[in-house]
Structure formats: C-alpha cells, structure tokens
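Encoded as structure tokens, the structure appears first; notes follow it.
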Amino acid sequence: MSLRIEPADRPHAIRLLVMWVILSIIGIIAVLQIHYPPYDQTIQGEDQSKTLALLTAMATPVFIGVVMMVIYSAIYFRRATAELVDGPPMLGNTPVQVAWIGISAIAVLFLAFVGVTTLASDNVAKLVNAPGRSINTGGQTGSATAAEQGKELQVQVVAQQWYFTYRYADYGGVETTHLYLPLDRPVELHVTSLDIIHSFWAYEIGVKADANPGVDNVFHVTPQKTGSFTVRCAELCGLWHGQMSDTEGKVVSQSDFDTWIAQQQQDYAVIQKAVPSYAPFYFPEPTVKGS
Amino acid sequence: MVRRLLFVGAGVVVVIIAMVALVGNFMLRQPGPLGQGTTTNVHLETVAAVSDAVEWPRPDDPHPDWVAYLPTTILRVPANSTINVQIDQEDGATGLRNAFWGKVFGTEGGKMHKGNPQEGDMTSIDPTMAAHTFAIPDLGVFVPLLGVGDNAAPGTMNVITFSFKTKGPGIYHWQCFVPCAAGTVYGNGGPMQTLGYMGGELIVS
C-alpha cells in the first residue's frame, strides 16, 4: 500500500512535509521555553507544570500542520477566476485515511498513557485526597501510606470575609495570620470557610481549592523549595475580594518553622483560649444579634 | 515629494520623543517627601445608626441609616509615619465570627488603650463582646472594639486609642471583621459591603 500521489502533486507534498517537519521542530523548541503554570515550589506544582509542557509540545505539530495546510492551500490552490462552481469530487483516499486515523489514534493513546501513569503516581493520588489509592499501588502500600500520613503536617486554611487565617492542628490548633510551610515535609491542607464561598489559591505551590462553609476540602502538597508565595482568593466574595491576598506565605526550613510556630504559640496564647477547638469546619454565629 | 517625506519623518520623531518623555517622566519621577517620623491624628466614631451619632450626626442623610464609622471612611495619612487613632465606640456588642480577631495585632506595643471608663491598656478582649474591629490587613493591624452594654444610656461610648505605623505610599483597605449589621446571614451585606459605612480606604501618600 503506497500513498497514491499524482505526479503533479508530488512537489506540493514534499514541500509541505519538509516545511511541517522544520516548523514543528522549531515550534516544539519554542513552546518548551515558555514557563508553564504553576511553579515548582512543591512537587505537585512541578508535576502540573511538566504535564502542561508535554501536552503543549504534543499539540504544537498538529496546530502547525493545520494552520500550514490552510495558508498553503489558500495561496497555491486558489481558483484563478471568480466563478462559483464546485471543485472536482473527492472519492476517498484509503492510505491517507488510514494514516490520518492511525496517527490520531497513536497520539491519543500516548496521551492516555501519560494521563494514566500520572494518575498512578502517589503525588496525584494524594492531591485528589485518595492517599494509598493510587491505581498502581492496589492497596499494597497501605501501611506505608498510613505511616506517611502520620508525619504529614496538618494545616487548616480558614477563609473569611476578607482574610485567610491558618490553624496548625499539630501545635494545639494555634491560629496564625500567615501561612508557613516546612521544607520537604508532606502537608495536608484542610480548606474551609467561616462565612461564604471563597477559594484558596496559592499559585506558586500549585493549589487552588474551594473554601466552602461547612466543608473540609483536603489537598496535599510537599514543598521542595524555600521562598515566598502569594495567597489570594479566587472566588468573587464581596467588596474586598480583590484585597483578599497575602504575599507573606513562606516555605522555610524545618528548624525555622519550629522557631516560628513556637513564637506564634507564645504570641497568640492570650486569644487561643477563646478560639474554638480545632475541628474540620466551624459554624460560627454571632453571639449577640446586631442592630 | 521629498519635503512631504521629511514632514512625515519629523512627525514620527516628535511623537516618539513625546512618548519617551512621557514614559520616562513616570519612570524617573522621585517620590515626594515622605512623612518620615511625623505623627498624624485620626479621630473616628462608630455608631449603630448614622443619624444617632454624637459627634457627626447625619439626620437628613439620604443614604441608608446603617451602622457606620464617621465622619468618613476615606482616611488620608502620610507614609512611614505614626498614626494615632481615637475611636469613640458607641455601638453594642455583636460578637466576632472568628474569635481570633479578639486579639490586638500590629499596633504600637501590640496594645490599645480603653479610656472611658478607664480600663487602661488591653491586648485582647472577649471576642463575644466585640462591636466592631478596625482592621488594615495589609499593614497587619487588627484592633477589636469593645461594645457598650445593651442597657447603656444613649451617647455612652468606649474611647479606644492606639497607634500604628504606615509603610510606603499606596491605598490600603480597612474593614470591620464583626458581622455587625442587618443583611448579614452567613456573609457580609449592607454596611459591611459599602464604602463609607464599615469599610474604607487608607490612602497613604
């Protein structure tokens, strides 16, 4: 089976193929230079960046091929006169159809393979709140996951109009005004809200999680680079939604974290006794009704 | 022909120079003298209804008669300076949604002073007794304001004073964290969502 190309069309076919290969290589190199969101401050954030880069690189030759065909046809196969008549009928071309379907199938199956292996990773399983349920472990590593869960740092994100506060369950439920995370330690983020729907968005660490009242929304991240990150609200929540951000989120070393959290416990001891004990979520009501 | 082209060229050059001058002026502009080390006094009154204010009553105001900070919620203060704030708090307690804000944050010495009746310096209050808070989140300033008793005579007030330092120029929002008014079921409404009542801007220049 060979591609039956009319002798007159061969120059076009060769020209298109060569152009496509060259432009695709240039295009792939170009798109791989772009920064893909979010950022590599956590392992999960880096995974997201890499997946986006791969998908974009795979889509580039397809995009270039389509655009190139349109422009090339418009220039070379333009009808010379303005008569409105149908072109010659096309009666199918089996090799072209086989090649087209075959290449599409290979591309889609490859992406499916990438997706399945990504889902199979523990990182993703944890990100979607199913630790130990990644499809490649089959429950075999259940005990290891339980041990790992034990050392995960539990941090609660409490959204309210218009500020995020944080509570550290492992440190007496101490509430703080900024989010600090220790380096290289898996973190279990519990996102909730005290009033209406907000969204906890920390771009650099790769988390955007709905903050709903009465809901404990769990996300897992493992910071791998120290530095600052920004927390902002990603769900329109009223007058000061646009100001509901904090640039002082930080990933710090474990020792710096220990110093910081001890200082927070000391500073906030005066109010800590009035703060309700740590719970998955809260239903606060004003104790006295306003005027 | 040549003269026309010269005119076009000259025009383009003039436009480019004008644009460079305009943009360069913005980029090179030095900030004005900052209020380094100066002190500014801010005096506010919080009331259950703007018409009932003791110091700045607005009986004929066409706007809703809501709970509010008076006389204005747009505060202009100098950068890098100390701001002394006095708030005459006349409203009853509603209680904080997040008890955490019952602590004083970010003021000079981490405290506020309650002077009428005299209770001296305080670093926190009972969160259920908060009427309002004066909070500038981007400066880390959060001050809970104690409510007056339910049976207090009209005009009774808690005089709260505290100081904080401003940073560089900019517009910082400030707000109340107590769900303190009608229109509040699970989220903020009415005065909590309206400039001039329970939120405003601190314009630092």
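Identifiers in the structure tokens: chain A, B, ... in order shown; residue index from 1 per chain; ligand index from 1 in order shown.
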
Restrict the distance test to only C-alpha atoms, flag each residue of chain B within 9 Å of chain A, and return the flagged residues as a ChimeraX atom specification. /B:48-49,67,91-103,123-129,131,137-138,140,172-173,175,177-182,185-189,192-195,199

As a ChimeraX atom specification, list the residues of region 74-259 of chain A assigned to alpha helix (DSSP H) by DSSP on the backbone atoms of this structure. /A:74-76,94-120,122-127,142-151,254-259

Store the residues picked out above, limited to C-alpha atoms, as a PDB file, in the first residue's frame.
```
ATOM      1  CA  ALA A  74      -5.151  29.495   0.132  1.00  0.00           C
ATOM      2  CA  ILE A  75      -2.011  30.557  -1.711  1.00  0.00           C
ATOM      3  CA  TYR A  76      -1.274  27.638  -4.100  1.00  0.00           C
ATOM      4  CA  THR A  94      -7.622   4.923   1.667  1.00  0.00           C
ATOM      5  CA  PRO A  95      -3.935   5.339   2.527  1.00  0.00           C
ATOM      6  CA  VAL A  96      -4.489   8.963   3.597  1.00  0.00           C
ATOM      7  CA  GLN A  97      -7.474   7.976   5.733  1.00  0.00           C
ATOM      8  CA  VAL A  98      -5.571   5.090   7.317  1.00  0.00           C
ATOM      9  CA  ALA A  99      -2.592   7.338   8.051  1.00  0.00           C
ATOM     10  CA  TRP A 100      -4.823  10.081   9.462  1.00  0.00           C
ATOM     11  CA  ILE A 101      -6.760   7.752  11.769  1.00  0.00           C
ATOM     12  CA  GLY A 102      -3.628   5.836  12.720  1.00  0.00           C
ATOM     13  CA  ILE A 103      -1.598   8.896  13.690  1.00  0.00           C
ATOM     14  CA  SER A 104      -4.511  10.404  15.642  1.00  0.00           C
ATOM     15  CA  ALA A 105      -5.025   7.105  17.471  1.00  0.00           C
ATOM     16  CA  ILE A 106      -1.355   6.871  18.396  1.00  0.00           C
ATOM     17  CA  ALA A 107      -1.296  10.465  19.680  1.00  0.00           C
ATOM     18  CA  VAL A 108      -4.459   9.991  21.745  1.00  0.00           C
ATOM     19  CA  LEU A 109      -3.340   6.633  23.147  1.00  0.00           C
ATOM     20  CA  PHE A 110       0.032   8.110  24.089  1.00  0.00           C
ATOM     21  CA  LEU A 111      -1.700  10.968  25.940  1.00  0.00           C
ATOM     22  CA  ALA A 112      -3.975   8.433  27.652  1.00  0.00           C
ATOM     23  CA  PHE A 113      -0.861   6.527  28.739  1.00  0.00           C
ATOM     24  CA  VAL A 114       0.649   9.737  30.134  1.00  0.00           C
ATOM     25  CA  GLY A 115      -2.594  10.555  31.943  1.00  0.00           C
ATOM     26  CA  VAL A 116      -2.923   7.092  33.455  1.00  0.00           C
ATOM     27  CA  THR A 117       0.678   6.988  34.658  1.00  0.00           C
ATOM     28  CA  THR A 118       0.274  10.463  36.163  1.00  0.00           C
ATOM     29  CA  LEU A 119      -2.883   9.333  37.953  1.00  0.00           C
ATOM     30  CA  ALA A 120      -0.993   6.271  39.098  1.00  0.00           C
ATOM     31  CA  ASP A 122       1.214   8.754  44.674  1.00  0.00           C
ATOM     32  CA  ASN A 123       1.559  12.517  44.345  1.00  0.00           C
ATOM     33  CA  VAL A 124      -1.585  12.819  42.301  1.00  0.00           C
ATOM     34  CA  ALA A 125      -3.455  10.301  44.437  1.00  0.00           C
ATOM     35  CA  LYS A 126      -2.677  12.478  47.438  1.00  0.00           C
ATOM     36  CA  LEU A 127      -3.567  15.677  45.641  1.00  0.00           C
ATOM     37  CA  GLY A 142      -1.470   0.854  52.642  1.00  0.00           C
ATOM     38  CA  SER A 143       0.653   0.565  55.761  1.00  0.00           C
ATOM     39  CA  ALA A 144       3.448   2.723  54.360  1.00  0.00           C
ATOM     40  CA  THR A 145       0.894   5.350  53.418  1.00  0.00           C
ATOM     41  CA  ALA A 146      -0.578   5.282  56.915  1.00  0.00           C
ATOM     42  CA  ALA A 147       2.881   5.839  58.381  1.00  0.00           C
ATOM     43  CA  GLU A 148       3.460   8.642  55.927  1.00  0.00           C
ATOM     44  CA  GLN A 149       0.106  10.168  56.812  1.00  0.00           C
ATOM     45  CA  GLY A 150       1.224  10.248  60.418  1.00  0.00           C
ATOM     46  CA  LYS A 151       4.071  12.579  59.619  1.00  0.00           C
ATOM     47  CA  GLN A 254      12.109  22.725  59.436  1.00  0.00           C
ATOM     48  CA  SER A 255      14.199  24.483  62.110  1.00  0.00           C
ATOM     49  CA  ASP A 256      12.983  27.952  61.033  1.00  0.00           C
ATOM     50  CA  PHE A 257       9.464  26.576  61.033  1.00  0.00           C
ATOM     51  CA  ASP A 258       9.845  25.228  64.586  1.00  0.00           C
ATOM     52  CA  THR A 259      11.114  28.624  65.783  1.00  0.00           C
TER      53      THR A 259
END
```

Tyr39 (chain A) surroundings by only C-alpha atoms, 9 Å radius, close-in-sequence under 3 positions cut, as a PyMOL selection string: chain A and resi 35-36+42+45-46+48-49+203-206

May I have the selected residues written with N, CA and C atoms, as a CSV table (one decimal), in the first residue's frame?
```
chain,number,residue,atom,x,y,z
A,35,HIS,N,7.3,29.4,30.3
A,35,HIS,CA,7.0,29.0,31.7
A,35,HIS,C,5.6,28.5,31.8
A,36,TYR,N,5.4,27.3,32.2
A,36,TYR,CA,4.1,26.7,32.4
A,36,TYR,C,3.7,26.8,33.9
A,42,THR,N,6.5,23.3,45.0
A,42,THR,CA,6.1,22.0,45.6
A,42,THR,C,6.3,20.9,44.5
A,45,GLY,N,3.3,21.0,42.3
A,45,GLY,CA,3.3,22.2,41.3
A,45,GLY,C,4.2,21.8,40.1
A,46,GLU,N,5.3,21.2,40.4
A,46,GLU,CA,6.2,20.9,39.3
A,46,GLU,C,5.6,19.8,38.4
A,48,GLN,N,2.5,19.5,37.7
A,48,GLN,CA,1.5,20.2,36.9
A,48,GLN,C,2.1,21.0,35.7
A,49,SER,N,3.3,21.6,36.1
A,49,SER,CA,4.0,22.4,35.0
A,49,SER,C,4.4,21.4,33.9
A,203,TYR,N,-0.7,30.2,44.1
A,203,TYR,CA,-0.2,29.9,42.8
A,203,TYR,C,1.1,29.1,42.8
A,204,GLU,N,2.1,29.6,43.5
A,204,GLU,CA,3.5,29.0,43.5
A,204,GLU,C,3.5,27.6,44.0
A,205,ILE,N,2.6,27.3,45.0
A,205,ILE,CA,2.7,25.9,45.5
A,205,ILE,C,1.7,25.0,44.8
A,206,GLY,N,1.0,25.5,43.8
A,206,GLY,CA,0.2,24.7,42.9
A,206,GLY,C,-1.1,24.2,43.5
```

Residue nearest Glu108 (chain B) - candidates B:Ile171, B:Cys176, B:Val13, B:Val143, atoms counted: only C-alpha atoms: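 Between B:Ile171, B:Cys176, B:Val13, B:Val143, the residue approaching Glu108 (chain B) most closely is B:Val143.
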
Can you list every residue in region 58-161 of chain B that DSSP puts in strand (DSSP E or B), as a PyMOL selection string? chain B and resi 68-70+74-77+82-89+92+103+105+112-115+118-122+124+130-136+141-146+148+158-161

Output for the residues just chosen: C-alpha atoms as a CSV table (one decimal), in the first residue's frame:
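Dumped to out02.csv:
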```
chain,number,residue,atom,x,y,z
B,68,ALA,CA,-21.0,53.2,60.4
B,69,TYR,CA,-17.7,54.7,61.0
B,70,LEU,CA,-17.9,58.5,61.0
B,74,ILE,CA,-11.5,57.5,53.4
B,75,LEU,CA,-8.5,58.3,55.6
B,76,ARG,CA,-5.5,60.2,54.2
B,77,VAL,CA,-2.3,59.8,56.1
B,82,THR,CA,3.0,57.2,63.2
B,83,ILE,CA,-0.8,57.4,63.1
B,84,ASN,CA,-2.6,58.0,66.4
B,85,VAL,CA,-6.2,56.7,66.2
B,86,GLN,CA,-9.0,57.6,68.6
B,87,ILE,CA,-12.3,55.7,68.1
B,88,ASP,CA,-15.3,56.7,70.1
B,89,GLN,CA,-17.2,53.4,70.0
B,92,GLY,CA,-23.5,47.5,71.2
B,103,LYS,CA,-6.6,40.0,69.9
B,105,PHE,CA,-2.4,42.9,66.3
B,112,MET,CA,-4.8,49.5,72.6
B,113,HIS,CA,-6.0,51.8,75.4
B,114,LYS,CA,-9.5,52.0,76.6
B,115,GLY,CA,-10.2,55.3,78.4
B,118,GLN,CA,-10.8,53.8,82.3
B,119,GLU,CA,-9.6,50.2,81.8
B,120,GLY,CA,-6.0,51.1,80.7
B,121,ASP,CA,-4.0,49.1,78.1
B,122,MET,CA,-5.5,45.9,76.6
B,124,SER,CA,-7.2,41.4,73.7
B,130,ALA,CA,-16.7,42.9,70.2
B,131,ALA,CA,-18.9,45.6,68.5
B,132,HIS,CA,-16.5,46.2,65.5
B,133,THR,CA,-12.9,45.8,64.6
B,134,PHE,CA,-10.7,48.4,62.9
B,135,ALA,CA,-8.5,46.2,60.7
B,136,ILE,CA,-6.0,47.1,58.0
B,141,VAL,CA,-3.3,46.0,62.1
B,142,PHE,CA,-6.3,44.4,63.7
B,143,VAL,CA,-8.0,46.2,66.7
B,144,PRO,CA,-11.2,44.8,68.2
B,145,LEU,CA,-13.5,47.4,69.6
B,146,LEU,CA,-15.4,46.6,72.8
B,148,VAL,CA,-21.1,49.2,75.1
B,158,ASN,CA,-15.9,53.4,74.9
B,159,VAL,CA,-13.0,55.7,73.9
B,160,ILE,CA,-10.3,53.4,72.3
B,161,THR,CA,-6.9,54.8,71.4
```

Could you give me, as a list in words, the residues within 12 Å of Asp170 (chain A), counting only C-alpha atoms and dropping anything in the same chain fewer than 5 positions from it? Gly150, Lys151, Glu152, Leu153, Gln154, Val155, Gln156, Glu175, Val187, Glu188, Asp258, Ile261, Ala262, Gln265 and Tyr278 of chain A

Write out the residues from the selection above, keeping C-alpha atoms, as a tab-separated table (two decimals), in the first residue's frame.
```tsv
chain	number	residue	atom	x	y	z
A	150	GLY	CA	1.22	10.25	60.42
A	151	LYS	CA	4.07	12.58	59.62
A	152	GLU	CA	2.05	14.82	57.34
A	153	LEU	CA	1.70	18.29	58.74
A	154	GLN	CA	-1.96	19.22	59.09
A	155	VAL	CA	-2.68	22.85	58.25
A	156	GLN	CA	-6.15	24.30	58.15
A	175	GLU	CA	-4.24	30.18	64.61
A	187	VAL	CA	1.49	18.88	54.12
A	188	GLU	CA	-2.21	18.12	54.35
A	258	ASP	CA	9.85	25.23	64.59
A	261	ILE	CA	5.48	28.19	65.25
A	262	ALA	CA	6.79	28.38	68.84
A	265	GLN	CA	2.01	29.85	70.07
A	278	TYR	CA	-9.67	22.61	66.20
```

For Lys225 (chain A): contacts at 8 Å, only C-alpha atoms, fewer than 5 positions along chain excluded, given as a list in words: Asp40, Gln41, Thr42, Leu183 and Val251 of chain A

One decimal, Å: what's the distance from CA of Ala152 (chain B) over to CA of Glu45 (chain B), could you say?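 Result for CA of Ala152 (chain B) versus CA of Glu45 (chain B): 16.7 Å, one decimal.
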
List the neighbours of Asp52 (chain B) out to 10 Å using only C-alpha atoms; skip same-chain residues closer than 3 positions along the sequence, and give me the result as an MDAnalysis selection string. chainID B and resid 47:49 55:59 65 67 90 154:155

Grab the residues selected above and save them as an mmCIF file, in the first residue's frame with C-alpha atoms.
```cif
data_model
loop_
_atom_site.group_PDB
_atom_site.id
_atom_site.type_symbol
_atom_site.label_atom_id
_atom_site.label_comp_id
_atom_site.auth_asym_id
_atom_site.auth_seq_id
_atom_site.Cartn_x
_atom_site.Cartn_y
_atom_site.Cartn_z
ATOM 1 C CA VAL B 47 -22.386 54.301 65.714
ATOM 2 C CA ALA B 48 -25.315 51.904 65.416
ATOM 3 C CA ALA B 49 -27.051 54.338 63.052
ATOM 4 C CA GLU B 55 -20.088 63.823 67.142
ATOM 5 C CA TRP B 56 -21.080 63.714 63.464
ATOM 6 C CA PRO B 57 -24.864 63.111 63.267
ATOM 7 C CA ARG B 58 -26.330 62.928 59.745
ATOM 8 C CA PRO B 59 -30.108 63.137 60.389
ATOM 9 C CA ASP B 65 -29.219 54.837 58.191
ATOM 10 C CA VAL B 67 -24.139 51.248 61.359
ATOM 11 C CA GLU B 90 -20.906 53.806 70.759
ATOM 12 C CA PRO B 154 -27.621 56.912 74.574
ATOM 13 C CA GLY B 155 -24.311 58.586 73.936
#
```
